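Novice: See entry_21.cif below, with mmCIF, C-alpha atoms and all ligand atoms.
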data_work
loop_
_atom_site.group_PDB
_atom_site.id
_atom_site.type_symbol
_atom_site.label_atom_id
_atom_site.label_comp_id
_atom_site.auth_asym_id
_atom_site.auth_seq_id
_atom_site.Cartn_x
_atom_site.Cartn_y
_atom_site.Cartn_z
ATOM 1 C CA MET Y 2 219.934 51.923 3.786
ATOM 2 C CA SER Y 3 217.836 53.642 1.136
ATOM 3 C CA LEU Y 4 214.075 53.733 1.136
ATOM 4 C CA THR Y 5 213.466 50.803 -1.165
ATOM 5 C CA GLU Y 6 215.557 48.314 0.743
ATOM 6 C CA SER Y 7 215.019 45.518 3.155
ATOM 7 C CA THR Y 8 217.830 43.684 4.868
ATOM 8 C CA MET Y 9 217.723 39.958 5.548
ATOM 9 C CA ASP Y 10 220.658 37.926 6.725
ATOM 10 C CA ALA Y 11 221.238 34.874 4.519
ATOM 11 C CA GLN Y 12 223.426 33.319 7.224
ATOM 12 C CA ASN Y 13 220.595 33.597 9.755
ATOM 13 C CA PRO Y 14 217.455 33.286 7.665
ATOM 14 C CA PRO Y 15 214.431 34.730 9.403
ATOM 15 C CA SER Y 16 211.808 32.204 10.395
ATOM 16 C CA THR Y 17 209.106 34.823 9.974
ATOM 17 C CA PRO Y 18 208.096 36.489 6.704
ATOM 18 C CA PRO Y 19 210.125 39.554 5.713
ATOM 19 C CA ALA Y 20 209.591 42.758 7.609
ATOM 20 C CA ALA Y 21 206.208 44.344 7.127
ATOM 21 C CA ALA Y 22 208.194 47.452 6.165
ATOM 22 C CA ALA Y 23 209.474 45.712 3.030
ATOM 23 C CA THR Y 24 205.925 44.888 1.969
ATOM 24 C CA GLN Y 25 204.898 48.470 2.612
ATOM 25 C CA LEU Y 26 207.760 49.747 0.444
ATOM 26 C CA TYR Y 27 206.777 47.312 -2.280
ATOM 27 C CA ARG Y 28 203.192 48.535 -2.166
ATOM 28 C CA ARG Y 29 204.241 52.162 -2.257
ATOM 29 C CA ASP Y 30 207.097 52.056 -4.784
ATOM 30 C CA GLY Y 31 206.187 48.988 -6.828
ATOM 31 C CA PHE Y 32 209.514 47.367 -6.027
ATOM 32 C CA VAL Y 33 211.799 46.463 -3.176
ATOM 33 C CA ILE Y 34 215.437 45.377 -3.070
ATOM 34 C CA ALA Y 35 215.816 42.522 -0.582
ATOM 35 C CA ARG Y 36 219.445 42.739 0.560
ATOM 36 C CA ARG Y 37 221.477 39.550 1.043
ATOM 37 C CA ILE Y 38 218.358 37.430 0.815
ATOM 38 C CA VAL Y 39 220.287 34.494 -0.697
ATOM 39 C CA PRO Y 40 223.941 33.526 -0.111
ATOM 40 C CA ALA Y 41 226.232 35.033 -2.779
ATOM 41 C CA ALA Y 42 227.685 31.524 -3.182
ATOM 42 C CA ALA Y 43 224.308 30.258 -4.442
ATOM 43 C CA VAL Y 44 224.332 32.940 -7.135
ATOM 44 C CA ASP Y 45 227.991 32.244 -7.981
ATOM 45 C CA ARG Y 46 227.221 28.546 -8.488
ATOM 46 C CA VAL Y 47 224.735 29.360 -11.241
ATOM 47 C CA PHE Y 48 227.192 31.837 -12.778
ATOM 48 C CA ALA Y 49 229.807 29.048 -12.826
ATOM 49 C CA ASP Y 50 227.348 26.746 -14.639
ATOM 50 C CA MET Y 51 226.780 29.505 -17.196
ATOM 51 C CA HIS Y 52 230.518 29.827 -17.662
ATOM 52 C CA ARG Y 53 230.715 26.073 -18.173
ATOM 53 C CA LEU Y 54 228.222 26.302 -21.041
ATOM 54 C CA VAL Y 55 230.430 28.946 -22.663
ATOM 55 C CA ALA Y 56 233.643 27.002 -21.956
ATOM 56 C CA GLN Y 57 232.277 23.803 -23.523
ATOM 57 C CA GLN Y 58 231.645 25.652 -26.778
ATOM 58 C CA LEU Y 59 235.054 27.339 -26.740
ATOM 59 C CA THR Y 60 236.650 23.924 -26.265
ATOM 60 C CA ARG Y 61 234.598 22.518 -29.161
ATOM 61 C CA LEU Y 62 235.796 25.411 -31.298
ATOM 62 C CA GLY Y 63 239.405 24.623 -30.442
ATOM 63 C CA THR Y 64 240.074 27.457 -27.980
ATOM 64 C CA SER Y 65 240.989 27.126 -24.325
ATOM 65 C CA PRO Y 66 238.564 28.852 -21.970
ATOM 66 C CA GLY Y 67 239.863 31.041 -19.161
ATOM 67 C CA ARG Y 68 240.440 29.659 -15.682
ATOM 68 C CA GLY Y 69 238.121 30.413 -12.792
ATOM 69 C CA ASP Y 70 234.651 31.878 -12.826
ATOM 70 C CA THR Y 71 235.429 35.509 -12.100
ATOM 71 C CA GLU Y 72 233.337 38.046 -13.974
ATOM 72 C CA GLU Y 73 236.447 39.111 -15.899
ATOM 73 C CA ALA Y 74 237.138 35.509 -17.005
ATOM 74 C CA VAL Y 75 233.510 35.013 -18.021
ATOM 75 C CA HIS Y 76 233.428 38.337 -19.881
ATOM 76 C CA ALA Y 77 236.623 37.433 -21.767
ATOM 77 C CA ASP Y 78 235.251 34.008 -22.717
ATOM 78 C CA LEU Y 79 231.935 35.489 -23.822
ATOM 79 C CA ARG Y 80 233.824 37.968 -26.021
ATOM 80 C CA ARG Y 81 235.836 35.110 -27.513
ATOM 81 C CA LEU Y 82 232.753 33.043 -28.290
ATOM 82 C CA PHE Y 83 230.977 36.135 -29.632
ATOM 83 C CA ALA Y 84 233.869 36.742 -32.054
ATOM 84 C CA LEU Y 85 234.261 33.091 -33.057
ATOM 85 C CA ASP Y 86 230.669 32.034 -33.629
ATOM 86 C CA LEU Y 87 227.762 34.422 -33.084
ATOM 87 C CA LYS Y 88 225.102 31.761 -33.611
ATOM 88 C CA THR Y 89 226.620 29.537 -30.920
ATOM 89 C CA TYR Y 90 227.062 32.550 -28.630
ATOM 90 C CA LEU Y 91 223.322 33.299 -28.896
ATOM 91 C CA ALA Y 92 222.351 29.651 -28.400
ATOM 92 C CA THR Y 93 224.586 29.526 -25.318
ATOM 93 C CA LEU Y 94 222.903 32.569 -23.776
ATOM 94 C CA THR Y 95 219.526 30.983 -24.446
ATOM 95 C CA LEU Y 96 220.667 27.792 -22.737
ATOM 96 C CA CYS Y 97 221.982 29.742 -19.726
ATOM 97 C CA ALA Y 98 218.376 30.697 -18.967
ATOM 98 C CA LYS Y 99 217.406 27.015 -18.947
ATOM 99 C CA LEU Y 100 219.877 25.746 -16.354
ATOM 100 C CA VAL Y 101 218.223 23.715 -13.624
ATOM 101 C CA SER Y 102 220.552 25.435 -11.152
ATOM 102 C CA LEU Y 103 218.958 28.734 -12.198
ATOM 103 C CA TYR Y 104 215.474 27.370 -11.535
ATOM 104 C CA GLU Y 105 216.735 26.116 -8.171
ATOM 105 C CA LEU Y 106 217.896 29.630 -7.356
ATOM 106 C CA TYR Y 107 214.445 30.990 -8.124
ATOM 107 C CA LEU Y 108 213.014 28.325 -5.822
ATOM 108 C CA HIS Y 109 215.308 29.299 -2.941
ATOM 109 C CA PRO Y 110 213.164 29.270 0.234
ATOM 110 C CA GLN Y 111 214.046 32.896 0.955
ATOM 111 C CA ILE Y 112 212.819 34.004 -2.466
ATOM 112 C CA ARG Y 113 209.673 31.898 -2.222
ATOM 113 C CA GLY Y 114 209.075 33.265 1.273
ATOM 114 C CA PHE Y 115 209.500 36.855 0.144
ATOM 115 C CA ALA Y 116 207.142 36.335 -2.801
ATOM 116 C CA ALA Y 117 204.606 34.766 -0.418
ATOM 117 C CA ALA Y 118 204.903 37.770 1.894
ATOM 118 C CA LEU Y 119 204.089 39.975 -1.099
ATOM 119 C CA GLY Y 120 200.868 38.005 -1.601
ATOM 120 C CA ILE Y 121 201.876 35.269 -4.056
ATOM 121 C CA CYS Y 122 200.127 32.519 -2.124
ATOM 122 C CA LEU Y 123 199.733 29.947 -4.943
ATOM 123 C CA PRO Y 124 202.828 30.564 -7.089
ATOM 124 C CA VAL Y 125 203.042 29.426 -10.702
ATOM 125 C CA PHE Y 126 205.793 29.870 -13.270
ATOM 126 C CA GLN Y 127 204.054 30.486 -16.564
ATOM 127 C CA THR Y 128 207.222 31.862 -18.129
ATOM 128 C CA ALA Y 129 210.840 30.733 -18.128
ATOM 129 C CA PRO Y 130 213.732 32.754 -16.687
ATOM 130 C CA VAL Y 131 215.208 35.479 -18.895
ATOM 131 C CA MET Y 132 218.909 36.433 -19.038
ATOM 132 C CA HIS Y 133 219.940 40.078 -19.235
ATOM 133 C CA LEU Y 134 223.474 40.560 -20.482
ATOM 134 C CA MET Y 135 224.837 44.045 -21.041
ATOM 135 C CA SER Y 136 228.329 44.791 -22.346
ATOM 136 C CA LYS Y 137 229.697 47.326 -24.798
ATOM 137 C CA ALA Y 138 231.795 44.547 -26.330
ATOM 138 C CA LEU Y 139 228.855 42.177 -26.822
ATOM 139 C CA LYS Y 140 226.445 44.234 -28.892
ATOM 140 C CA ILE Y 141 224.819 42.136 -31.608
ATOM 141 C CA PRO Y 142 225.206 43.843 -34.993
ATOM 142 C CA GLY Y 143 221.758 45.094 -35.961
ATOM 143 C CA GLY Y 144 220.328 43.637 -32.749
ATOM 144 C CA TYR Y 145 219.296 45.203 -29.485
ATOM 145 C CA GLN Y 146 220.739 45.157 -26.003
ATOM 146 C CA GLY Y 147 218.606 46.021 -23.022
ATOM 147 C CA PHE Y 148 215.017 47.170 -23.010
ATOM 148 C CA GLY Y 149 213.297 50.527 -23.303
ATOM 149 C CA ALA Y 150 210.708 51.673 -20.743
ATOM 150 C CA HIS Y 151 208.062 49.000 -20.344
ATOM 151 C CA GLN Y 152 205.766 47.145 -18.000
ATOM 152 C CA ASP Y 153 205.903 43.356 -17.817
ATOM 153 C CA TRP Y 154 202.182 42.775 -17.458
ATOM 154 C CA PRO Y 155 201.113 43.060 -21.144
ATOM 155 C CA THR Y 156 203.541 40.303 -22.128
ATOM 156 C CA LEU Y 157 201.965 38.005 -19.521
ATOM 157 C CA GLN Y 158 198.375 39.128 -18.901
ATOM 158 C CA GLY Y 159 198.003 36.791 -15.929
ATOM 159 C CA GLY Y 160 197.339 37.804 -12.317
ATOM 160 C CA LEU Y 161 197.341 41.488 -11.419
ATOM 161 C CA ASP Y 162 199.734 40.848 -8.539
ATOM 162 C CA THR Y 163 202.443 39.178 -10.676
ATOM 163 C CA VAL Y 164 205.908 39.871 -9.269
ATOM 164 C CA THR Y 165 209.051 40.104 -11.392
ATOM 165 C CA VAL Y 166 212.055 38.683 -9.527
ATOM 166 C CA TRP Y 167 215.377 40.123 -10.748
ATOM 167 C CA ILE Y 168 218.693 38.647 -9.624
ATOM 168 C CA PRO Y 169 222.164 40.058 -10.435
ATOM 169 C CA PHE Y 170 225.114 37.704 -11.046
ATOM 170 C CA VAL Y 171 227.607 40.531 -10.588
ATOM 171 C CA ASP Y 172 227.531 43.477 -8.194
ATOM 172 C CA VAL Y 173 225.613 46.082 -10.161
ATOM 173 C CA ASP Y 174 226.063 49.811 -9.715
ATOM 174 C CA ARG Y 175 224.772 52.789 -11.676
ATOM 175 C CA ASP Y 176 227.715 52.596 -14.110
ATOM 176 C CA ARG Y 177 226.900 49.066 -15.139
ATOM 177 C CA PHE Y 178 223.914 49.409 -17.464
ATOM 178 C CA THR Y 179 221.674 48.540 -14.566
ATOM 179 C CA MET Y 180 217.901 48.281 -14.525
ATOM 180 C CA GLU Y 181 216.049 51.509 -13.746
ATOM 181 C CA ILE Y 182 212.545 51.756 -12.265
ATOM 182 C CA VAL Y 183 210.033 54.597 -11.873
ATOM 183 C CA PRO Y 184 208.915 54.357 -8.216
ATOM 184 C CA GLY Y 185 205.150 54.469 -7.839
ATOM 185 C CA SER Y 186 204.466 53.933 -11.547
ATOM 186 C CA HIS Y 187 202.708 50.623 -10.824
ATOM 187 C CA LEU Y 188 199.816 52.545 -9.286
ATOM 188 C CA GLY Y 189 198.858 53.927 -12.710
ATOM 189 C CA GLY Y 190 197.878 50.435 -13.876
ATOM 190 C CA LEU Y 191 198.346 49.590 -17.526
ATOM 191 C CA TYR Y 192 199.708 52.462 -19.641
ATOM 192 C CA PRO Y 193 199.333 52.908 -23.424
ATOM 193 C CA TYR Y 194 202.207 51.173 -25.206
ATOM 194 C CA SER Y 195 203.521 50.124 -28.592
ATOM 195 C CA ARG Y 196 205.448 47.021 -29.582
ATOM 196 C CA ARG Y 197 209.241 47.356 -29.987
ATOM 197 C CA ASP Y 198 211.737 44.475 -30.179
ATOM 198 C CA HIS Y 199 210.422 41.897 -27.685
ATOM 199 C CA ILE Y 200 208.638 44.237 -25.357
ATOM 200 C CA PHE Y 201 205.830 46.771 -25.248
ATOM 201 C CA GLU Y 202 207.295 50.226 -24.717
ATOM 202 C CA VAL Y 203 205.215 52.595 -22.635
ATOM 203 C CA ASP Y 204 204.144 55.815 -24.353
ATOM 204 C CA PRO Y 205 206.664 58.406 -22.995
ATOM 205 C CA ALA Y 206 203.800 60.869 -22.444
ATOM 206 C CA HIS Y 207 202.795 58.718 -19.486
ATOM 207 C CA TYR Y 208 205.947 58.880 -17.357
ATOM 208 C CA ASP Y 209 208.567 61.359 -16.254
ATOM 209 C CA ALA Y 210 211.874 60.438 -17.949
ATOM 210 C CA GLY Y 211 213.716 62.002 -14.991
ATOM 211 C CA ALA Y 212 211.988 59.800 -12.437
ATOM 212 C CA PHE Y 213 213.871 56.545 -13.135
ATOM 213 C CA VAL Y 214 215.860 55.229 -10.166
ATOM 214 C CA PRO Y 215 218.891 52.986 -10.875
ATOM 215 C CA VAL Y 216 218.907 49.608 -9.162
ATOM 216 C CA GLU Y 217 222.206 49.094 -7.339
ATOM 217 C CA ALA Y 218 222.363 45.546 -6.075
ATOM 218 C CA ALA Y 219 225.051 43.090 -5.030
ATOM 219 C CA ARG Y 220 225.234 39.332 -5.505
ATOM 220 C CA GLY Y 221 222.800 37.869 -3.006
ATOM 221 C CA ASP Y 222 220.376 40.797 -3.314
ATOM 222 C CA VAL Y 223 217.099 40.188 -5.096
ATOM 223 C CA VAL Y 224 214.741 42.760 -6.578
ATOM 224 C CA PHE Y 225 210.996 42.142 -6.358
ATOM 225 C CA MET Y 226 209.024 44.354 -8.721
ATOM 226 C CA SER Y 227 205.339 44.661 -9.626
ATOM 227 C CA SER Y 228 204.563 43.688 -13.221
ATOM 228 C CA PHE Y 229 203.000 47.160 -13.537
ATOM 229 C CA ALA Y 230 206.177 49.053 -12.553
ATOM 230 C CA ILE Y 231 207.667 50.979 -15.474
ATOM 231 C CA HIS Y 232 211.300 49.924 -15.862
ATOM 232 C CA ARG Y 233 214.072 49.855 -18.461
ATOM 233 C CA SER Y 234 217.744 49.014 -18.972
ATOM 234 C CA ALA Y 235 220.040 51.995 -18.363
ATOM 235 C CA THR Y 236 222.136 53.247 -21.270
ATOM 236 C CA ARG Y 237 224.856 54.375 -18.854
ATOM 237 C CA GLY Y 238 227.681 51.937 -18.395
ATOM 238 C CA ASP Y 239 231.436 51.400 -18.536
ATOM 239 C CA ASP Y 240 233.415 48.489 -19.974
ATOM 240 C CA ARG Y 241 232.296 45.916 -17.424
ATOM 241 C CA LEU Y 242 229.861 43.082 -18.019
ATOM 242 C CA ARG Y 243 226.438 43.169 -16.400
ATOM 243 C CA VAL Y 244 224.597 39.861 -16.136
ATOM 244 C CA SER Y 245 221.313 39.393 -14.366
ATOM 245 C CA THR Y 246 218.222 37.286 -14.738
ATOM 246 C CA SER Y 247 214.526 37.780 -14.235
ATOM 247 C CA MET Y 248 211.583 35.471 -13.750
ATOM 248 C CA ARG Y 249 207.964 36.068 -12.937
ATOM 249 C CA TYR Y 250 206.215 34.735 -9.850
ATOM 250 C CA GLU Y 251 202.517 34.622 -10.718
ATOM 251 C CA ASN Y 252 199.697 34.023 -8.284
ATOM 252 C CA ALA Y 253 197.209 31.378 -9.413
ATOM 253 C CA ALA Y 254 194.912 32.482 -6.585
ATOM 254 C CA GLU Y 255 194.545 36.075 -7.790
ATOM 255 C CA PRO Y 256 190.755 36.564 -8.193
ATOM 256 C CA HIS Y 257 190.881 38.259 -11.655
ATOM 257 C CA PHE Y 258 193.196 35.507 -12.904
ATOM 258 C CA ILE Y 259 190.692 32.877 -11.787
ATOM 259 C CA ALA Y 260 187.736 34.842 -13.198
ATOM 260 C CA ARG Y 261 189.546 35.193 -16.568
ATOM 261 C CA SER Y 262 190.175 31.420 -16.771
ATOM 262 C CA TYR Y 263 193.965 31.525 -16.214
ATOM 263 C CA PRO Y 264 194.952 33.409 -19.400
ATOM 264 C CA PHE Y 265 198.550 33.412 -20.668
ATOM 265 C CA ALA Y 266 200.003 35.567 -23.450
ATOM 266 C CA HIS Y 267 202.752 33.235 -24.730
ATOM 267 C CA LYS Y 268 202.387 30.528 -27.353
ATOM 268 C CA ARG Y 269 204.588 27.477 -27.804
ATOM 269 C CA SER Y 270 205.707 26.052 -31.118
ATOM 270 C CA VAL Y 271 207.966 23.151 -32.048
ATOM 271 C CA VAL Y 272 210.284 23.134 -35.084
ATOM 272 C CA SER Y 273 209.219 20.249 -37.308
ATOM 273 C CA GLU Y 274 212.451 19.715 -39.317
ATOM 274 C CA LEU Y 275 215.587 17.978 -38.014
ATOM 275 C CA PHE Y 276 218.362 20.501 -37.279
ATOM 276 C CA THR Y 277 221.044 17.957 -38.241
ATOM 277 C CA PRO Y 278 219.938 15.780 -41.175
ATOM 278 C CA ASP Y 279 220.389 12.017 -40.644
ATOM 279 C CA PHE Y 280 221.160 12.524 -36.976
ATOM 280 C CA PRO Y 281 221.085 10.566 -34.755
ATOM 281 C CA GLN Y 282 222.002 7.184 -36.175
ATOM 282 C CA ALA Y 283 221.019 4.158 -34.074
ATOM 283 C CA ALA Y 284 224.713 3.647 -33.223
ATOM 284 C CA ASP Y 285 224.924 7.137 -31.690
ATOM 285 C CA VAL Y 286 222.086 6.301 -29.357
ATOM 286 C CA ARG Y 287 223.246 2.741 -28.610
ATOM 287 C CA ARG Y 288 226.732 3.928 -27.675
ATOM 288 C CA LEU Y 289 225.268 6.168 -25.018
ATOM 289 C CA PHE Y 290 223.698 3.216 -23.263
ATOM 290 C CA GLU Y 291 226.487 0.714 -23.870
ATOM 291 C CA ASP Y 292 229.382 2.929 -22.751
ATOM 292 C CA ALA Y 293 230.319 1.603 -19.315
ATOM 293 C CA ALA Y 294 232.323 4.782 -18.649
ATOM 294 C CA GLY Y 295 229.083 6.752 -18.318
ATOM 295 C CA PRO Y 296 227.785 9.786 -20.166
ATOM 296 C CA VAL Y 297 229.718 11.137 -23.145
ATOM 297 C CA GLN Y 298 232.147 13.855 -22.111
ATOM 298 C CA PRO Y 299 232.408 17.108 -24.080
ATOM 299 C CA GLY Y 300 234.732 16.691 -27.014
ATOM 300 C CA ALA Y 301 234.525 12.900 -26.811
ATOM 301 C CA ILE Y 302 232.201 12.408 -29.766
ATOM 302 C CA PRO Y 303 233.707 9.669 -31.938
HETATM 303 O O1 LIG U 401 217.682 43.902 -16.592
HETATM 304 C C1 LIG U 401 217.225 44.746 -17.352
HETATM 305 O O2 LIG U 401 217.905 45.644 -17.845
HETATM 306 C C2 LIG U 401 215.772 44.756 -17.726
HETATM 307 C C3 LIG U 401 214.992 43.661 -17.071
HETATM 308 C C4 LIG U 401 213.589 43.674 -17.538
HETATM 309 O O3 LIG U 401 213.150 44.493 -18.275
HETATM 310 C C5 LIG U 401 212.685 42.629 -17.073
HETATM 311 O O4 LIG U 401 213.113 41.698 -16.390
HETATM 312 O O5 LIG U 401 211.483 42.733 -17.373
#
Now, as a test, write the supplied structure out as structure tokens.
Specialist:
Amino acid sequence: MSLTESTMDAQNPPSTPPAAAATQLYRRDGFVIARRIVPAAAVDRVFADMHRLVAQQLTRLGTSPGRGDTEEAVHADLRRLFALDLKTYLATLTLCAKLVSLYELYLHPQIRGFAAALGICLPVFQTAPVMHLMSKALKIPGGYQGFGAHQDWPTLQGGLDTVTVWIPFVDVDRDRFTMEIVPGSHLGGLYPYSRRDHIFEVDPAHYDAGAFVPVEAARGDVVFMSSFAIHRSATRGDDRLRVSTSMRYENAAEPHFIARSYPFAHKRSVVSELFTPDFPQAADVRRLFEDAAGPVQPGAIP
């Protein structure tokens, strides 16, 4: 077991909070990898739902999706959708982050318990989950894949003790474009940064580029990381797919958060035009309620 690890047995969940040692590691390094904190099957279930979202679109586009929910099958289907219809591929990834099963995973009692042990005593989700998908074959032309060195806090600006929870859907090793973290960097507070893509990249003068540690985590492991830890996506990887997700546990009881009147850095907006002109017609809606066979099945639109 390496220094930044804590082992919990998902088959025999502890009734007490995680070992004090894990909290100490978190305080010292700014992150901790909780091993086998959730059953791998719980993670696989969400991955299967994600595959279903991809498969539904492949079926709509007239292609048969692969069988099973292995990472190879999912990778192949993602590549197919990517090649067939980039816009749908991107919309599908966005929808993956909105699955209720994904939220349920983040609410797993073991994850909640671990976050509580790290001090998140009145948890709030101000942000939605984020998907991180890395694959040589799935690079968006002119787009970006992965993030440069950054801290999460400036994109949130909530409580100082905000914890990023990072969950892999495949077993991630150092050859799989994994996340890398600079241990101890959280103790420097907020570093100077500049905006790049969707994140705020930390000024390289403020960290040692050789100090990043790759996160190697299996399905069922969960990484808890301070929102002040400097981290990035590794550029080192082979031909395999890496999929993970992250979400932020914020603490509504953090004194600065209360004193600053619960600030939040994101803004919401709603598109005012209809995406599909003249849709829906009253008949489309009526059919949904009149159809005794239940909800419309994919591909069954008349
Ligand atoms: O998974 C990754 O490569 C990066 C994750 C990340 O930057 C984040 O969750 O804030």
Novice: Extending 8 Å beyond the listed atoms of ligand LIG 401 (chain U) on each side, what axis-aligned box results? I want centre and edge lengths in Å to one decimal, as JSON.
Specialist:
{"center_x": 214.7, "center_y": 43.7, "center_z": -17.3, "size_x": 22.4, "size_y": 19.9, "size_z": 17.9}
Novice: Would you translate the PyMOL selection byres (((not hetatm)) within 8 of (chain U and resi 401)) into the concrete set of residues it matches in this file, as a PDB file with C-alpha atoms, keeping the file's coordinate frame?
Specialist:
ATOM      1  CA  VAL Y 131     215.208  35.479 -18.895  1.00  0.00           C
ATOM      2  CA  MET Y 132     218.909  36.433 -19.038  1.00  0.00           C
ATOM      3  CA  HIS Y 133     219.940  40.078 -19.235  1.00  0.00           C
ATOM      4  CA  LEU Y 134     223.474  40.560 -20.482  1.00  0.00           C
ATOM      5  CA  MET Y 135     224.837  44.045 -21.041  1.00  0.00           C
ATOM      6  CA  GLY Y 147     218.606  46.021 -23.022  1.00  0.00           C
ATOM      7  CA  PHE Y 148     215.017  47.170 -23.010  1.00  0.00           C
ATOM      8  CA  GLY Y 149     213.297  50.527 -23.303  1.00  0.00           C
ATOM      9  CA  ALA Y 150     210.708  51.673 -20.743  1.00  0.00           C
ATOM     10  CA  HIS Y 151     208.062  49.000 -20.344  1.00  0.00           C
ATOM     11  CA  GLN Y 152     205.766  47.145 -18.000  1.00  0.00           C
ATOM     12  CA  ASP Y 153     205.903  43.356 -17.817  1.00  0.00           C
ATOM     13  CA  THR Y 165     209.051  40.104 -11.392  1.00  0.00           C
ATOM     14  CA  VAL Y 166     212.055  38.683  -9.527  1.00  0.00           C
ATOM     15  CA  TRP Y 167     215.377  40.123 -10.748  1.00  0.00           C
ATOM     16  CA  PHE Y 178     223.914  49.409 -17.464  1.00  0.00           C
ATOM     17  CA  THR Y 179     221.674  48.540 -14.566  1.00  0.00           C
ATOM     18  CA  MET Y 180     217.901  48.281 -14.525  1.00  0.00           C
ATOM     19  CA  GLU Y 181     216.049  51.509 -13.746  1.00  0.00           C
ATOM     20  CA  HIS Y 232     211.300  49.924 -15.862  1.00  0.00           C
ATOM     21  CA  ARG Y 233     214.072  49.855 -18.461  1.00  0.00           C
ATOM     22  CA  SER Y 234     217.744  49.014 -18.972  1.00  0.00           C
ATOM     23  CA  ALA Y 235     220.040  51.995 -18.363  1.00  0.00           C
ATOM     24  CA  SER Y 245     221.313  39.393 -14.366  1.00  0.00           C
ATOM     25  CA  THR Y 246     218.222  37.286 -14.738  1.00  0.00           C
ATOM     26  CA  SER Y 247     214.526  37.780 -14.235  1.00  0.00           C
ATOM     27  CA  MET Y 248     211.583  35.471 -13.750  1.00  0.00           C
TER      28      MET Y 248
END
Novice: Val39 in chain Y: which residues within 8 Å, counting only C-alpha atoms, same-chain residues fewer than 3 positions away excluded, as a list of chain:residue names?
Specialist: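 Selected residues are Y:Ala11, Y:Ala43, Y:Val44, Y:His109, Y:Gln111, Y:Ile112, Y:Gly221, Y:Asp222, Y:Val223.
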Novice: Apply the PyMOL selection byres (((chain Y and resi 62-65) around 12) and not hetatm) to the displayed file and report the matching residues as a ChimeraX atom specification.
Specialist: /Y:55-61,66-68,74,77-78,81-86,89-90,299-300
Novice: Using CA of Ser227 in chain Y and CA of Tyr27 in chain Y as the two end points, give the distance in Å to one decimal.
Specialist: 7.9 Å
Novice: How far is it from CA of Arg197 in chain Y to CA of Pro142 in chain Y, in Å with one decimal?
Specialist: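 Distance reported for this atom pair: 17.1 Å.
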Novice: Go through Y:Ala49, Y:Val173, Y:Leu94, Y:Val33 and flag the residue nearest Ala21 in chain Y, using all atoms listed in the file for the distances.
Specialist: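 Closest to Ala21 in chain Y, using all atoms listed in the file: Y:Val33.
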Novice: Take the point (216.3, 42.7, -3.5) as written in the file and pick out every residue within 9 Å of it, counting only C-alpha atoms; give the list as a VMD selection string.
Specialist: chain Y and resid 5 to 8 32 to 38 166 to 168 218 to 219 221 to 225
